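Heads up, query-v5.tsv below (TSV, C-alpha atoms):
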```
chain	number	residue	atom	x	y	z
C	1	ILE	CA	-34.42	-35.09	27.14
C	2	GLU	CA	-34.16	-32.72	24.15
C	3	THR	CA	-37.74	-33.59	23.16
C	4	ALA	CA	-38.94	-32.95	26.71
C	5	VAL	CA	-37.18	-29.56	26.87
C	6	ALA	CA	-38.66	-28.57	23.51
C	7	ALA	CA	-42.13	-29.65	24.69
C	8	ILE	CA	-41.85	-27.52	27.86
C	9	ARG	CA	-40.72	-24.52	25.79
C	10	ASN	CA	-43.85	-24.99	23.67
C	11	GLY	CA	-46.15	-24.96	26.70
C	12	ALA	CA	-45.99	-28.41	28.30
C	13	TYR	CA	-46.23	-28.31	32.09
C	14	ASP	CA	-43.78	-31.16	32.86
C	15	TYR	CA	-42.49	-34.47	31.51
C	16	ILE	CA	-42.29	-38.00	32.95
C	17	GLU	CA	-39.55	-40.43	32.05
C	18	LYS	CA	-40.31	-44.03	31.14
C	19	PRO	CA	-40.93	-46.31	32.84
C	20	PHE	CA	-43.16	-44.09	35.01
C	21	LYS	CA	-45.00	-44.78	38.22
C	22	VAL	CA	-48.76	-44.23	38.37
C	23	ASP	CA	-48.44	-42.17	41.58
C	24	ARG	CA	-45.96	-39.85	39.88
C	25	LEU	CA	-48.24	-39.48	36.84
C	26	ILE	CA	-51.26	-38.62	39.03
C	27	LEU	CA	-49.24	-36.08	41.05
C	28	VAL	CA	-47.93	-34.28	37.95
C	29	ALA	CA	-51.40	-34.29	36.37
C	30	GLU	CA	-52.95	-32.80	39.53
C	31	ARG	CA	-50.29	-30.08	39.65
C	32	ALA	CA	-50.80	-29.28	35.98
C	33	LEU	CA	-54.56	-28.96	36.47
C	34	GLU	CA	-54.02	-26.76	39.54
C	35	ALA	CA	-51.62	-24.50	37.62
C	36	SER	CA	-54.10	-24.22	34.76
C	37	LYS	CA	-56.88	-23.36	37.20
C	38	LEU	CA	-54.75	-20.67	38.87
C	39	ARG	CA	-53.90	-19.11	35.50
C	40	GLN	CA	-57.60	-18.97	34.64
C	41	GLN	CA	-58.37	-17.37	38.03
C	42	VAL	CA	-55.72	-14.72	37.39
C	43	ARG	CA	-57.25	-13.98	33.98
C	44	ASP	CA	-60.71	-13.70	35.57
C	45	LEU	CA	-59.43	-11.36	38.29
C	46	GLU	CA	-57.73	-9.17	35.68
C	47	LYS	CA	-61.06	-8.89	33.84
C	48	ARG	CA	-62.91	-7.94	37.02
C	49	THR	CA	-60.53	-5.22	38.18
C	50	PRO	CA	-62.04	-1.73	37.74
C	51	ASP	CA	-58.68	-0.37	36.55
C	52	MET	CA	-58.01	-0.21	32.84
C	53	PRO	CA	-55.10	-2.40	31.69
C	54	GLU	CA	-53.67	0.50	29.70
C	55	MET	CA	-53.92	4.27	29.54
C	56	ILE	CA	-56.79	5.48	27.39
C	57	GLY	CA	-56.92	8.84	25.64
C	58	SER	CA	-55.35	10.75	22.76
C	59	SER	CA	-55.46	14.28	24.20
C	60	LEU	CA	-52.37	16.46	24.26
C	61	ALA	CA	-52.01	15.91	28.03
C	62	MET	CA	-52.09	12.11	27.67
C	63	ASN	CA	-49.70	12.04	24.72
C	64	GLN	CA	-47.26	14.13	26.73
C	65	LEU	CA	-47.63	11.76	29.70
C	66	ARG	CA	-46.96	8.71	27.51
C	67	SER	CA	-43.86	10.39	26.11
C	68	ASN	CA	-42.57	11.11	29.62
C	69	ILE	CA	-43.28	7.53	30.75
C	70	GLU	CA	-41.31	6.16	27.81
C	71	LYS	CA	-38.34	8.37	28.75
C	72	VAL	CA	-38.23	7.51	32.46
C	73	ALA	CA	-39.04	3.80	32.08
C	74	GLN	CA	-35.69	2.95	30.51
C	75	THR	CA	-33.71	4.50	33.36
C	76	ASN	CA	-33.30	3.32	36.95
C	77	SER	CA	-34.15	6.72	38.43
C	78	ARG	CA	-36.73	7.12	41.16
C	79	VAL	CA	-40.00	8.64	39.97
C	80	MET	CA	-42.65	10.45	42.00
C	81	ILE	CA	-46.07	10.29	40.34
C	82	ILE	CA	-48.18	13.31	41.29
C	83	GLY	CA	-51.87	13.70	40.56
C	84	PRO	CA	-55.33	14.00	42.09
C	85	SER	CA	-57.09	11.01	43.62
C	86	GLY	CA	-58.59	8.69	41.02
C	87	SER	CA	-56.52	10.07	38.12
C	88	GLY	CA	-54.72	6.78	37.38
C	89	LYS	CA	-51.37	7.08	39.19
C	90	GLU	CA	-51.10	3.32	39.74
C	91	MET	CA	-51.74	2.77	36.03
C	92	VAL	CA	-48.83	5.10	35.25
C	93	ALA	CA	-46.58	3.18	37.65
C	94	ARG	CA	-47.54	-0.12	35.98
C	95	ALA	CA	-46.78	1.39	32.56
C	96	ILE	CA	-43.30	2.39	33.77
C	97	HIS	CA	-42.74	-1.17	35.05
C	98	ARG	CA	-44.06	-2.73	31.84
C	99	GLN	CA	-41.73	-0.64	29.63
C	100	SER	CA	-38.65	-0.99	31.83
C	101	ALA	CA	-35.78	-3.48	31.92
C	102	ARG	CA	-37.39	-4.82	35.13
C	103	ALA	CA	-40.63	-5.84	33.39
C	104	SER	CA	-39.98	-9.53	34.10
C	105	GLY	CA	-39.48	-8.77	37.81
C	106	PRO	CA	-42.19	-8.24	40.43
C	107	PHE	CA	-44.31	-5.11	40.81
C	108	VAL	CA	-45.31	-4.58	44.45
C	109	ILE	CA	-47.59	-1.89	45.89
C	110	VAL	CA	-47.64	-0.59	49.45
C	111	ASN	CA	-50.51	1.80	50.15
C	112	ALA	CA	-49.31	4.04	52.98
C	113	ALA	CA	-52.79	5.50	53.45
C	114	ALA	CA	-54.34	2.06	54.07
C	115	ILE	CA	-51.78	0.73	56.56
C	116	THR	CA	-51.62	1.76	60.20
C	117	ALA	CA	-48.43	3.35	61.53
C	118	GLU	CA	-47.89	0.31	63.77
C	119	ASN	CA	-47.96	-2.13	60.83
C	120	MET	CA	-46.10	-0.02	58.27
C	121	GLU	CA	-42.61	-1.33	59.09
C	122	GLU	CA	-43.80	-4.94	59.09
C	123	GLU	CA	-45.33	-4.47	55.64
C	124	LEU	CA	-42.19	-2.84	54.22
C	125	PHE	CA	-39.35	-4.65	55.95
C	126	GLY	CA	-40.91	-7.94	57.09
C	127	ILE	CA	-40.37	-9.73	60.42
C	128	GLU	CA	-37.28	-11.63	61.53
C	129	GLY	CA	-38.05	-15.15	62.76
C	130	SER	CA	-36.15	-17.42	65.09
C	131	ASP	CA	-32.64	-18.54	64.11
C	132	SER	CA	-32.38	-15.57	61.71
C	133	GLY	CA	-35.17	-17.01	59.58
C	134	VAL	CA	-37.96	-15.01	57.98
C	135	ALA	CA	-41.28	-14.97	59.81
C	136	LYS	CA	-42.80	-12.58	57.27
C	137	VAL	CA	-41.42	-11.32	53.97
C	138	GLY	CA	-41.79	-7.57	53.54
C	139	ALA	CA	-42.61	-5.62	50.39
C	140	LEU	CA	-38.96	-4.64	49.79
C	141	GLU	CA	-37.90	-8.30	49.60
C	142	GLU	CA	-40.93	-9.20	47.48
C	143	ALA	CA	-39.93	-6.47	45.01
C	144	HIS	CA	-36.30	-7.67	44.67
C	145	ASN	CA	-35.17	-7.25	41.04
C	146	GLY	CA	-38.42	-5.43	40.33
C	147	MET	CA	-40.24	-2.27	41.39
C	148	LEU	CA	-41.93	-1.10	44.58
C	149	LEU	CA	-44.64	1.57	44.46
C	150	LEU	CA	-45.07	3.58	47.67
C	151	ASP	CA	-48.64	4.70	47.08
C	152	GLU	CA	-49.73	7.92	48.87
C	153	VAL	CA	-46.24	8.24	50.31
C	154	GLY	CA	-47.23	11.48	52.07
C	155	GLU	CA	-49.20	9.41	54.60
C	156	MET	CA	-46.13	7.44	55.69
C	157	PRO	CA	-45.26	7.76	59.41
C	158	ARG	CA	-42.21	9.91	60.18
C	159	GLU	CA	-40.26	7.04	61.79
C	160	THR	CA	-40.77	4.88	58.69
C	161	GLN	CA	-39.62	7.79	56.52
C	162	ASN	CA	-36.27	7.74	58.34
C	163	LYS	CA	-35.78	4.02	57.62
C	164	ILE	CA	-36.87	4.30	53.98
C	165	LEU	CA	-34.32	7.08	53.52
C	166	ARG	CA	-31.58	4.70	54.68
C	167	VAL	CA	-32.80	2.03	52.27
C	168	LEU	CA	-32.60	4.50	49.38
C	169	VAL	CA	-29.01	5.33	50.33
C	170	GLU	CA	-27.74	1.82	51.14
C	171	GLN	CA	-30.19	-0.52	49.31
C	172	LYS	CA	-30.10	-2.50	52.57
C	173	PHE	CA	-32.41	-2.80	55.56
C	174	GLU	CA	-33.11	-4.81	58.69
C	175	ARG	CA	-36.27	-6.81	59.21
C	176	LYS	CA	-38.35	-5.91	62.25
C	177	GLY	CA	-36.84	-7.65	65.26
C	178	GLY	CA	-33.66	-8.53	63.38
C	179	VAL	CA	-30.05	-7.34	63.23
C	180	LYS	CA	-28.94	-8.85	59.93
C	181	LYS	CA	-28.71	-6.50	56.94
C	182	VAL	CA	-30.76	-7.61	53.95
C	183	ALA	CA	-29.58	-6.36	50.55
C	184	VAL	CA	-32.12	-5.75	47.80
C	185	ASP	CA	-32.10	-4.47	44.23
C	186	VAL	CA	-35.33	-2.50	43.95
C	187	ARG	CA	-36.40	0.50	41.90
C	188	ILE	CA	-38.70	2.59	44.06
C	189	LEU	CA	-41.59	4.60	42.63
C	190	SER	CA	-43.85	6.78	44.77
C	191	SER	CA	-47.17	8.52	44.28
C	192	THR	CA	-49.06	11.27	46.04
C	193	SER	CA	-52.28	13.24	45.69
C	194	ILE	CA	-51.40	15.75	48.41
C	195	ASP	CA	-49.06	18.75	48.45
C	196	LEU	CA	-45.87	17.28	49.89
C	197	GLU	CA	-44.16	20.67	50.04
C	198	ALA	CA	-46.90	21.79	52.42
C	199	ARG	CA	-46.35	18.62	54.48
C	200	ILE	CA	-42.65	19.44	54.58
C	201	ALA	CA	-43.42	22.95	55.84
C	202	GLU	CA	-45.60	21.41	58.57
C	203	GLY	CA	-42.78	19.09	59.60
C	204	LYS	CA	-44.75	15.97	58.61
C	205	PHE	CA	-42.55	14.87	55.71
C	206	ARG	CA	-38.77	14.81	55.40
C	207	GLU	CA	-37.45	17.20	52.79
C	208	ASP	CA	-34.39	15.06	52.06
C	209	LEU	CA	-36.65	12.03	51.47
C	210	PHE	CA	-38.80	14.08	49.12
C	211	HIS	CA	-35.78	15.04	47.00
C	212	ARG	CA	-34.53	11.45	46.89
C	213	LEU	CA	-37.94	10.09	45.84
C	214	ALA	CA	-38.77	12.87	43.37
C	215	VAL	CA	-35.67	12.58	41.17
C	216	VAL	CA	-38.13	12.67	38.27
C	217	PRO	CA	-41.56	14.13	39.16
C	218	LEU	CA	-44.29	12.95	36.79
C	219	GLN	CA	-47.55	14.88	36.70
C	220	VAL	CA	-50.75	12.93	35.95
C	221	PRO	CA	-53.55	15.18	34.64
C	222	GLY	CA	-56.96	15.13	36.27
C	223	LEU	CA	-59.97	14.39	34.07
C	224	ALA	CA	-60.84	18.10	33.93
C	225	GLN	CA	-57.51	18.64	32.15
C	226	ARG	CA	-58.25	16.03	29.48
C	227	ARG	CA	-61.95	16.44	28.69
C	228	ASP	CA	-61.36	15.45	25.05
C	229	ASP	CA	-60.66	11.90	26.28
C	230	ILE	CA	-64.06	11.44	27.96
C	231	PRO	CA	-65.86	9.87	24.93
C	232	GLU	CA	-62.98	7.41	24.42
C	233	LEU	CA	-62.79	6.63	28.14
C	234	MET	CA	-66.54	6.03	28.36
C	235	ALA	CA	-66.43	3.61	25.42
C	236	ALA	CA	-63.54	1.71	27.04
C	237	PHE	CA	-65.31	1.58	30.42
C	238	MET	CA	-68.52	0.32	28.78
C	239	SER	CA	-66.67	-2.49	27.02
C	240	GLN	CA	-64.94	-3.44	30.27
C	241	ILE	CA	-68.15	-3.39	32.33
C	242	GLU	CA	-70.01	-5.41	29.68
C	243	ALA	CA	-67.26	-8.06	29.74
C	244	GLN	CA	-67.27	-8.18	33.55
C	245	SER	CA	-70.98	-8.11	34.35
C	246	GLY	CA	-72.84	-8.72	31.11
C	247	VAL	CA	-74.64	-5.36	31.25
C	248	LYS	CA	-75.15	-4.11	27.69
C	249	THR	CA	-73.50	-0.90	26.55
C	250	CYS	CA	-75.66	2.15	25.93
C	251	GLU	CA	-75.49	5.04	23.50
C	252	ILE	CA	-74.74	8.51	24.87
C	253	GLY	CA	-76.53	11.38	23.13
C	254	GLU	CA	-74.65	14.46	21.95
C	255	ASP	CA	-76.36	16.68	24.54
C	256	ALA	CA	-75.45	14.27	27.36
C	257	MET	CA	-71.85	14.00	26.14
C	258	ALA	CA	-71.57	17.79	26.09
C	259	VAL	CA	-72.66	17.94	29.74
C	260	LEU	CA	-70.33	15.08	30.70
C	261	GLN	CA	-67.41	16.89	29.10
C	262	ALA	CA	-68.30	20.11	30.93
C	263	HIS	CA	-68.45	18.48	34.37
C	264	SER	CA	-65.54	19.13	36.78
C	265	TRP	CA	-65.05	15.43	37.75
C	266	PRO	CA	-63.45	15.86	41.19
C	267	GLY	CA	-63.29	12.04	41.49
C	268	ASN	CA	-61.60	11.76	38.08
C	269	LEU	CA	-61.50	8.34	36.34
C	270	ARG	CA	-63.01	6.53	39.31
C	271	GLN	CA	-66.02	8.86	39.37
C	272	LEU	CA	-66.44	8.64	35.59
C	273	ARG	CA	-66.41	4.84	35.64
C	274	ASN	CA	-69.00	4.74	38.43
C	275	ASN	CA	-71.30	7.02	36.44
C	276	VAL	CA	-70.81	4.98	33.26
C	277	GLU	CA	-71.82	1.82	35.13
C	278	ARG	CA	-74.83	3.60	36.63
C	279	LEU	CA	-76.00	4.82	33.20
C	280	MET	CA	-75.60	1.35	31.70
C	281	ILE	CA	-77.69	-0.22	34.47
C	282	LEU	CA	-80.45	2.40	34.52
C	283	SER	CA	-80.81	2.51	30.73
C	284	ARG	CA	-81.09	-1.29	30.29
C	285	ASP	CA	-84.87	-1.30	29.75
C	286	ASP	CA	-85.00	2.10	28.07
C	287	GLU	CA	-86.11	1.74	24.46
C	288	ASN	CA	-85.94	5.47	23.72
C	289	GLY	CA	-82.47	5.26	22.18
C	290	ALA	CA	-79.51	7.33	23.33
C	291	VAL	CA	-79.13	8.62	26.89
C	292	SER	CA	-80.07	12.30	26.95
C	293	ALA	CA	-78.78	15.08	29.19
C	294	ASP	CA	-81.86	15.06	31.41
C	295	GLN	CA	-81.25	11.36	32.21
C	296	LEU	CA	-77.84	12.07	33.72
C	297	PRO	CA	-77.37	11.84	37.51
C	298	GLY	CA	-78.05	15.05	39.43
C	299	GLU	CA	-74.40	15.62	40.29
C	300	ILE	CA	-73.61	15.70	36.56
C	301	SER	CA	-76.68	17.46	35.15
C	302	ASP	CA	-75.95	20.46	37.39
C	303	MET	CA	-73.76	21.60	34.49
C	304	LEU	CA	-76.87	22.10	32.33
C	305	PRO	CA	-77.75	25.78	31.74
C	306	SER	CA	-80.75	26.85	33.80
C	307	THR	CA	-84.10	26.72	32.02
C	308	PRO	CA	-87.60	27.52	33.21
C	309	GLY	CA	-88.96	24.73	35.36
C	310	THR	CA	-90.09	23.82	38.84
C	311	GLU	CA	-86.65	24.65	40.26
C	312	ASP	CA	-86.11	27.83	38.25
C	313	GLU	CA	-89.44	29.62	38.50
C	314	HIS	CA	-87.58	32.86	39.32
C	315	ILE	CA	-86.61	33.16	35.64
C	316	MET	CA	-90.29	33.73	34.82
C	317	SER	CA	-90.12	37.02	36.70
C	318	LEU	CA	-87.34	38.31	34.41
C	319	PRO	CA	-87.85	40.34	31.24
C	320	LEU	CA	-87.02	38.47	28.03
C	321	ARG	CA	-83.67	40.22	27.55
C	322	GLU	CA	-82.42	39.43	31.05
C	323	ALA	CA	-83.67	35.83	30.87
C	324	ARG	CA	-81.93	35.35	27.52
C	325	GLU	CA	-78.69	36.80	28.87
C	326	ALA	CA	-78.87	34.55	31.93
C	327	PHE	CA	-79.28	31.50	29.71
C	328	GLU	CA	-76.52	32.60	27.31
C	329	ARG	CA	-74.15	33.21	30.22
C	330	ASP	CA	-74.74	29.73	31.69
C	331	TYR	CA	-74.62	28.08	28.28
C	332	LEU	CA	-71.38	29.70	27.16
C	333	GLN	CA	-69.68	29.14	30.50
C	334	ALA	CA	-70.57	25.44	30.30
C	335	GLN	CA	-69.25	25.18	26.72
C	336	ILE	CA	-66.00	27.00	27.59
C	337	THR	CA	-65.50	24.62	30.50
C	338	ARG	CA	-66.25	21.66	28.23
C	339	PHE	CA	-63.51	22.71	25.80
C	340	GLY	CA	-60.97	23.42	28.53
C	341	GLY	CA	-61.07	27.21	28.10
C	342	ASN	CA	-60.25	27.01	24.38
C	343	ILE	CA	-62.16	29.94	22.84
C	344	SER	CA	-61.49	28.90	19.24
C	345	ARG	CA	-62.99	25.43	19.71
C	346	THR	CA	-65.91	26.86	21.71
C	347	ALA	CA	-66.64	29.39	18.94
C	348	SER	CA	-66.50	26.66	16.29
C	349	PHE	CA	-68.94	24.46	18.22
C	350	VAL	CA	-71.50	27.18	19.05
C	351	GLY	CA	-71.34	28.52	15.47
C	352	MET	CA	-69.83	31.96	16.10
C	353	GLU	CA	-66.76	33.78	14.88
C	354	ARG	CA	-64.01	33.90	17.50
C	355	SER	CA	-64.08	37.70	17.65
C	356	ALA	CA	-67.89	37.71	17.94
C	357	LEU	CA	-67.70	35.23	20.82
C	358	HIS	CA	-65.17	37.45	22.59
C	359	ARG	CA	-67.54	40.41	22.26
C	360	LYS	CA	-70.48	38.32	23.48
C	361	LEU	CA	-68.54	37.09	26.52
C	362	LYS	CA	-67.46	40.64	27.35
C	363	SER	CA	-71.04	41.91	27.10
C	364	LEU	CA	-72.22	39.10	29.41
C	365	GLY	CA	-69.46	39.79	31.92
C	366	VAL	CA	-67.90	36.33	31.50
```
Exercise: express the given structure as structure tokens:
Amino acid sequence: IETAVAAIRNGAYDYIEKPFKVDRLILVAERALEASKLRQQVRDLEKRTPDMPEMIGSSLAMNQLRSNIEKVAQTNSRVMIIGPSGSGKEMVARAIHRQSARASGPFVIVNAAAITAENMEEELFGIEGSDSGVAKVGALEEAHNGMLLLDEVGEMPRETQNKILRVLVEQKFERKGGVKKVAVDVRILSSTSIDLEARIAEGKFREDLFHRLAVVPLQVPGLAQRRDDIPELMAAFMSQIEAQSGVKTCEIGEDAMAVLQAHSWPGNLRQLRNNVERLMILSRDDENGAVSADQLPGEISDMLPSTPGTEDEHIMSLPLREAREAFERDYLQAQITRFGGNISRTASFVGMERSALHRKLKSLGV
């Protein structure tokens, strides 16, 4: 027995005592193969997911976020993760789970925006079966001894809000159609990309629920607030996409990277990843080297300063001084945006003294 226990600790699936029956041996072997196959499928699915397994970036905003995650992870307090759509709120929630004392427990997600009001209670609380059995296990029971993320909690129906509030107070609930109280030990996280205080003012979200969920509010920066991370993020996305689909990585030229860093990125990480994949696909047969700014998609290259061309023929009607000022204004505005409004870094990049750049911006009316 001791040898068998030691073997299982070292990775063996099961053991069979002698003398063994052939049927038993075949059954255990089939189960072992099935378990191995499932583990491989899980690994494959993890590789295919568009989400990064960890947070990428070394900007001040990301370092601050990591520090805050480390602080809240070790507690049992409820955390509300706030940030624009596509900024990586689920990734933050997973990081909290991974660093917490509940890391070995389940991590369950309920997306309030993707579930109809009629099905919300079934998804959260489950359904009571006949003879007090369980017809369907809800997310709260699935997350027992672990964490439950209420994603886009602002979209939750008002009636469900009332019941969730009771769960937060009692750590107990009733399944749909049941009368028996079910006790759970769950740490609840929530996330939102909308202004919940405005929803409260409109009467669409309970203020007392907001205060119970947002014991610790955690702000996730949008990509426009962490432009310095874009080169690192693009490299990580390229490696991930190459591993998933076999599409070779491509080199991004300095001019293209400058435009990418100046873009506003309303879709945040999701939009950046989509554009990285598009660039990798479209540059596969390009033997001209690095991707240049004029090869970027139209939605991105709009950040390029205007230059004479088929779409800017009006500049040809301007005197040289006015045309130069128009270009300088667009150019400097794009560079300031790229460096997050940091005048010192902008001045260093464009090759001007900080004071001279201030004078230039004032003369251009920027």
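Here CA of Ile96 (chain C) is placed at a distance of 4.8 Å from CA of Ala73 (chain C).
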Legend entry - For CA of Glu251 (chain C) and CA of Pro297 (chain C), the interatomic separation in Å (one decimal): 15.7 Å
Sel. within 12 Å of pt (-71.6, 20.1, 32.7), counting all atoms listed in the file, output as an mmCIF file with C-alpha atoms, in the coordinates of the input:
```
data_model
loop_
_atom_site.group_PDB
_atom_site.id
_atom_site.type_symbol
_atom_site.label_atom_id
_atom_site.label_comp_id
_atom_site.auth_asym_id
_atom_site.auth_seq_id
_atom_site.Cartn_x
_atom_site.Cartn_y
_atom_site.Cartn_z
ATOM 1 C CA ALA C 224 -60.840 18.100 33.930
ATOM 2 C CA ARG C 227 -61.950 16.440 28.690
ATOM 3 C CA ASP C 255 -76.360 16.680 24.540
ATOM 4 C CA ALA C 256 -75.450 14.270 27.360
ATOM 5 C CA MET C 257 -71.850 14.000 26.140
ATOM 6 C CA ALA C 258 -71.570 17.790 26.090
ATOM 7 C CA VAL C 259 -72.660 17.940 29.740
ATOM 8 C CA LEU C 260 -70.330 15.080 30.700
ATOM 9 C CA GLN C 261 -67.410 16.890 29.100
ATOM 10 C CA ALA C 262 -68.300 20.110 30.930
ATOM 11 C CA HIS C 263 -68.450 18.480 34.370
ATOM 12 C CA SER C 264 -65.540 19.130 36.780
ATOM 13 C CA TRP C 265 -65.050 15.430 37.750
ATOM 14 C CA ALA C 293 -78.780 15.080 29.190
ATOM 15 C CA ASP C 294 -81.860 15.060 31.410
ATOM 16 C CA LEU C 296 -77.840 12.070 33.720
ATOM 17 C CA PRO C 297 -77.370 11.840 37.510
ATOM 18 C CA GLY C 298 -78.050 15.050 39.430
ATOM 19 C CA GLU C 299 -74.400 15.620 40.290
ATOM 20 C CA ILE C 300 -73.610 15.700 36.560
ATOM 21 C CA SER C 301 -76.680 17.460 35.150
ATOM 22 C CA ASP C 302 -75.950 20.460 37.390
ATOM 23 C CA MET C 303 -73.760 21.600 34.490
ATOM 24 C CA LEU C 304 -76.870 22.100 32.330
ATOM 25 C CA PRO C 305 -77.750 25.780 31.740
ATOM 26 C CA SER C 306 -80.750 26.850 33.800
ATOM 27 C CA ASP C 330 -74.740 29.730 31.690
ATOM 28 C CA TYR C 331 -74.620 28.080 28.280
ATOM 29 C CA LEU C 332 -71.380 29.700 27.160
ATOM 30 C CA GLN C 333 -69.680 29.140 30.500
ATOM 31 C CA ALA C 334 -70.570 25.440 30.300
ATOM 32 C CA GLN C 335 -69.250 25.180 26.720
ATOM 33 C CA ILE C 336 -66.000 27.000 27.590
ATOM 34 C CA THR C 337 -65.500 24.620 30.500
ATOM 35 C CA ARG C 338 -66.250 21.660 28.230
ATOM 36 C CA PHE C 339 -63.510 22.710 25.800
ATOM 37 C CA GLY C 340 -60.970 23.420 28.530
#
```
Legend entry - Residues within 12 Å of (-36.6, 14.3, 41.8), counting all atoms listed in the file, listed as a count of residues only: 21
Inset, instruction - Work out how far CA of Glu152 (chain C) is from CA of Ser193 (chain C), in Å to one decimal. - result: 6.7 Å
Inset, instruction - Give me the residues within 12 Å of Met234 (chain C) as a VMD selection string, counting all atoms listed in the file and dropping any in the same chain fewer than 6 places off. - result: chain C and resid 52 56 to 57 227 to 228 240 to 241 249 to 252 257 260 to 261 269 to 280
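You can rank C:Ser58, C:Ser100, C:Asn268, C:Ser348 by their closest distance to Arg187 (chain C) using only C-alpha atoms, and at the top of that list sits C:Ser100.
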Inset, instruction - Using only C-alpha atoms, find the one residue out of C:His97, C:Ala135, C:Ile200, C:Ala143 that sits nearest to Gly177 (chain C). - result: C:Ala135
